[in-house]
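J.: Sending over a structure as structure tokens; questions will come in a sec.
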Amino acid sequence: MQLRKKFLKFTLPSIASMWVFSLYTIVDGIFVARGVGERAMAAVNLSMPFTSLVFMIGILLATGTSTVISIALGRKELSTARNYFNQNLVVTGVVSLLLTAFVLLNLERAAVFLGATEHTLDYVKEYVGMIAVFAVFFTISYNLEVQVKANGAPQVSTLGVFSCALMNVALDALFVLVFQWGVWGAALATGLAQATSTAVFLIYFLTHRERLRLGRFRPALKVYKRILPLGLSDGLNELSNGLVIFLFNRAILNVIGEEGLPTYTIISYVNTLVLMTMTGTAQGMQPLVSYYLGAGERKNCHRLLKYALAAAALFALAFFGLTQLGAFAVVAAFLEGDSAIFAASVRALRMYACAFLVLGFNVIPAAFFTAMERPVPAFAISLGRSLVFIVISLTVMSSLFGAEGIWCSTLVSELACLILTAFCMVRYVISVRR
């Protein structure tokens with residue numbers, strides 16, 4: 001019972017944080033759709049793979065570092081944990097600034113690569129350029145949010161994300177609807193919101209110095225041989241969202257045309273909410289699994305996995321049911337009822353939602369393997385669902401079945417990955433029993 005309470009203590013705030021992030025992203029899309037138009041909303045969606053890339057960098061460095069920090073804390077190696085914590089903040093900041101410089105120097109090329117057309121090029125350049133300016137706040141904020149949970153204060157992560165969400169919604173209303181700054185204003189609101197959450201987390205670590213604390217560090221870059229493989233799985237999970245959006249945008253432009261982009265924009269917002277729910281469950285589980293691994297209590301690690309899979313099953317059923325019953329209301333939040341693509345969007349969303357039943361059963365095991373310091377199966381599952389299977393499925397399904405194949409391809413991809421996940425879990429169980 002005590003372990004279950006710990007699981008809920010860590011997981012519920014983590015899920016809440018992810019929900020807030022997902023919901024304010026959706027609200028961002030609603031403001032752009034209502035304040036600028038469907039074409040601008042499509043341009044924001046074309047820009048999403050870049051936003052996912054920024055978050056992927058943060059997650060890649062944060063998750064692996066959180067794992068080694070939690071293991072160190074489990075072993076009572078406090079000075080080592082503090083050293084990794086401070087070193088990673090500096091490394092994350094440097095990598096983010098290099099990305100900002102590269103994108104700003106190649107802004108139009110980046111926009112065209114993302115799929116911008118002559119109608120959306122300026123919008124995409126405005127959004128991507130502004131997000132690039134604030135990239136360091138995206139990555140640092142995410143790192144601090146993850147390390148707050150490793151420090152035993154998951155409720156602070158919720159506070160930081162809520163402050164980010166409230167700031168983003170308020171500034172969206174001001175910049176997009178009042179000042180009429182369009183897509184550029186929406187991106188500025190998002191960037192300033194990330195700066196706000198960064199400030200909240202920094203204040204926490206400056207005022208709570210019992211375990212992890214801000215300060216000097218001794219360079220120990222060799223630890224990234226552990227951190228990067230461990231963070232690769234969760235990093236790919238985040239990047240997969242951007243990669244999937246990128247690949248779908250390309251397929252839609254080829255098969256349906258530009259008029260299909262708003263439909264997928266709506267679907268991608270809902271998919272992000274579902275994915276972030278599963279990711280929040282996984283991230284709430286991870287520091288506890290790593291802690292008990294470091295403490296040598298492997299049975300507790302396995303019990304935590306069961307709790308996470310049970311939660312994933314409940315969420316999967318809930319999201320599928322709500323999407324089937326509420327697809328009309330979801331689409332109506334973005335499009336006018338008399339829009340030419342309204343009915344097609346409702347039908348596409350209901351078809352796509354079948355993938356929600358499977359998604360979590362790939363995300364949770366990948367995160368479990370990361371927390372157990374088994375990067376190979378974690379990487380294999382994440383690479384499978386984020387790139388290999390979706391590329392094959394999207395290519396084949398769109399060629400054979402056209403638009404309907406596009407909307408069903410994610411379900412096919414997740415089912416293929418589920419076979420791989422089952423294989424990895426069976427091998428793990430066999431290895432543990434030896």
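Labels for the structure tokens follow display order: chains A, B, ..., residues from 1 in each chain, ligands from 1.
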Counting only C-alpha atoms, what is within 8 Å of A:Leu61, bar same-chain residues fewer than 6 positions away, as a count of residues only?
T.: 6
J.: Considering only C-alpha atoms, return as a short mmCIF file (atom, residue, chain, number, x, y, z; two decimals) with C-alpha atoms, in the first residue's frame whatever protein or nucleic-acid residues lie within 7 Å of A:Ala193, sequence-local ones (same chain, fewer than 6 positions apart) excluded.
T.:
```
data_model
loop_
_atom_site.label_atom_id
_atom_site.label_comp_id
_atom_site.auth_asym_id
_atom_site.auth_seq_id
_atom_site.Cartn_x
_atom_site.Cartn_y
_atom_site.Cartn_z
CA CYS A 164 3.71 28.15 -17.54
CA ALA A 165 0.24 27.25 -18.78
CA MET A 167 1.10 32.62 -18.56
CA ASN A 168 0.83 31.10 -22.03
#
```
J.: Between atom CA of A:Glu259 and atom CA of A:Gly129, what is the distance, to one decimal in Å?
T.: 24.7 Å
J.: List as CSV every residue of stretch 219-262 of chain A that is in contact with stretch 384-393 of chain A, defined as an atom at most 12 Å from one of its atoms (using only C-alpha atoms), together with the nearest atom pair and the distance in Å rounded to one decimal, sorted by chain and then rising number.
T.:
```
residue,atom,partner,partner_atom,distance
A:Leu232,CA,A:Ser386,CA,11.6
A:Ser233,CA,A:Ser386,CA,9.8
A:Asp234,CA,A:Ser386,CA,10.5
A:Gly235,CA,A:Ser386,CA,10.1
A:Leu236,CA,A:Ser386,CA,6.5
A:Asn237,CA,A:Ser386,CA,6.4
A:Glu238,CA,A:Ser386,CA,8.6
A:Leu239,CA,A:Ser386,CA,7.4
A:Ser240,CA,A:Ser386,CA,4.2
A:Asn241,CA,A:Ser386,CA,7.5
A:Gly242,CA,A:Ser386,CA,9.2
A:Leu243,CA,A:Ser386,CA,7.2
A:Val244,CA,A:Ser386,CA,7.3
A:Ile245,CA,A:Ser386,CA,10.8
A:Phe246,CA,A:Val391,CA,10.8
A:Leu247,CA,A:Val391,CA,7.6
A:Phe248,CA,A:Val391,CA,9.5
A:Arg250,CA,A:Val391,CA,11.4
A:Ala251,CA,A:Val391,CA,10.4
```
J.: With only C-alpha atoms as the atoms that count, which of A:Gly160, A:Gly64, A:Pro13, A:Gly115 lies nearest to A:Phe85?
T.: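 Among A:Gly160, A:Gly64, A:Pro13, A:Gly115, it is A:Gly64 that comes nearest to A:Phe85.
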J.: With only C-alpha atoms as the basis for distance, which of A:Tyr291, A:Tyr84, A:Phe179, A:Phe320 is at the shortest distance from A:Lys222?
T.: A:Tyr84
J.: Could you name the residues that touch A:Ala313 at 10 Å or less, counting only C-alpha atoms, but leaving out those on the same chain fewer than 5 positions away, as a list in words?
T.: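 What passes the distance filter is Met278, Ala308, Ala318, Phe356, Leu357, Val358, Leu359, Gly360 and Phe361 of chain A.
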J.: Would you output that residue set with N, CA and C atoms, as a PDB file, in the first residue's frame?
T.:
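What ended up in part39.pdb:
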```pdb
ATOM      1  N   MET A 278       0.492   9.295 -21.162  1.00  0.00           N
ATOM      2  CA  MET A 278       1.293   8.072 -20.999  1.00  0.00           C
ATOM      3  C   MET A 278       2.721   8.411 -20.585  1.00  0.00           C
ATOM      4  N   ALA A 308       1.921   1.091 -13.342  1.00  0.00           N
ATOM      5  CA  ALA A 308       1.957   1.992 -14.504  1.00  0.00           C
ATOM      6  C   ALA A 308       1.170   1.411 -15.681  1.00  0.00           C
ATOM      7  N   ALA A 318     -10.367   5.349 -21.489  1.00  0.00           N
ATOM      8  CA  ALA A 318     -11.042   6.634 -21.288  1.00  0.00           C
ATOM      9  C   ALA A 318     -10.885   7.541 -22.505  1.00  0.00           C
ATOM     10  N   PHE A 356      -5.034   4.983 -29.734  1.00  0.00           N
ATOM     11  CA  PHE A 356      -4.902   5.326 -28.322  1.00  0.00           C
ATOM     12  C   PHE A 356      -5.007   4.098 -27.418  1.00  0.00           C
ATOM     13  N   LEU A 357      -5.657   3.053 -27.917  1.00  0.00           N
ATOM     14  CA  LEU A 357      -5.824   1.833 -27.124  1.00  0.00           C
ATOM     15  C   LEU A 357      -4.516   1.080 -26.930  1.00  0.00           C
ATOM     16  N   VAL A 358      -3.523   1.346 -27.773  1.00  0.00           N
ATOM     17  CA  VAL A 358      -2.282   0.561 -27.774  1.00  0.00           C
ATOM     18  C   VAL A 358      -1.085   1.381 -27.298  1.00  0.00           C
ATOM     19  N   LEU A 359      -1.084   2.670 -27.565  1.00  0.00           N
ATOM     20  CA  LEU A 359       0.091   3.533 -27.413  1.00  0.00           C
ATOM     21  C   LEU A 359       0.806   3.379 -26.074  1.00  0.00           C
ATOM     22  N   GLY A 360       0.045   3.416 -24.971  1.00  0.00           N
ATOM     23  CA  GLY A 360       0.666   3.394 -23.646  1.00  0.00           C
ATOM     24  C   GLY A 360       1.436   2.130 -23.336  1.00  0.00           C
ATOM     25  N   PHE A 361       1.048   1.010 -23.950  1.00  0.00           N
ATOM     26  CA  PHE A 361       1.708  -0.267 -23.667  1.00  0.00           C
ATOM     27  C   PHE A 361       3.053  -0.389 -24.377  1.00  0.00           C
TER      28      PHE A 361
END
```
J.: Find the residue from A:Val176, A:Ile203, A:Met285, A:Leu309 that sits nearest to A:Lys5; use only C-alpha atoms when measuring.
T.: A:Met285
J.: If DSSP is run on the backbone, what residues of stretch 88-281 of chain A are helix (DSSP H, G or I)? A reply as an MDAnalysis selection string would be ideal.
T.: chainID A and resid 88:105 107:113 121:133 135:150 154:178 182:207 221:255 258:281
J.: Quick one: contact table of stretch 331-375 of chain A to stretch 28-46 of chain A, 9 Å max, nearest atom pair and distance in Å to one decimal per residue, counting only C-alpha atoms, chain and number order, as CSV?
T.:
```
residue,atom,partner,partner_atom,distance
A:Ala333,CA,A:Ile30,CA,6.8
A:Phe334,CA,A:Ile30,CA,5.5
A:Leu335,CA,A:Ala33,CA,7.6
```
J.: Write out as a VMD selection string which residues come within 9 Å of A:Ala380 when counting only C-alpha atoms, dropping same-chain ones fewer than 2 positions away.
T.: chain A and resid 233 366 375 to 378 382 to 385 420 to 421 424
J.: So, with only C-alpha atoms as the atoms that count, which of A:Glu414, A:Asn86, A:Thr63, A:Gly191 lies closest to A:Ala367?
T.: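 Once distances to A:Ala367 are computed over only C-alpha atoms, the minimum belongs to A:Thr63.
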J.: Considering only C-alpha atoms, state which residue in the set A:Arg82, A:Arg4, A:Arg109, A:Lys76 is at the smallest distance from A:Ala295.
T.: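 For A:Ala295, the nearest of the given residues is A:Lys76.
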J.: For a quick check of understanding, using only C-alpha atoms, which of A:Cys417, A:Met18, A:Leu400, A:Ala135 has the smallest distance to A:Val255?
T.: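 Result for the nearest residue to A:Val255: A:Leu400.
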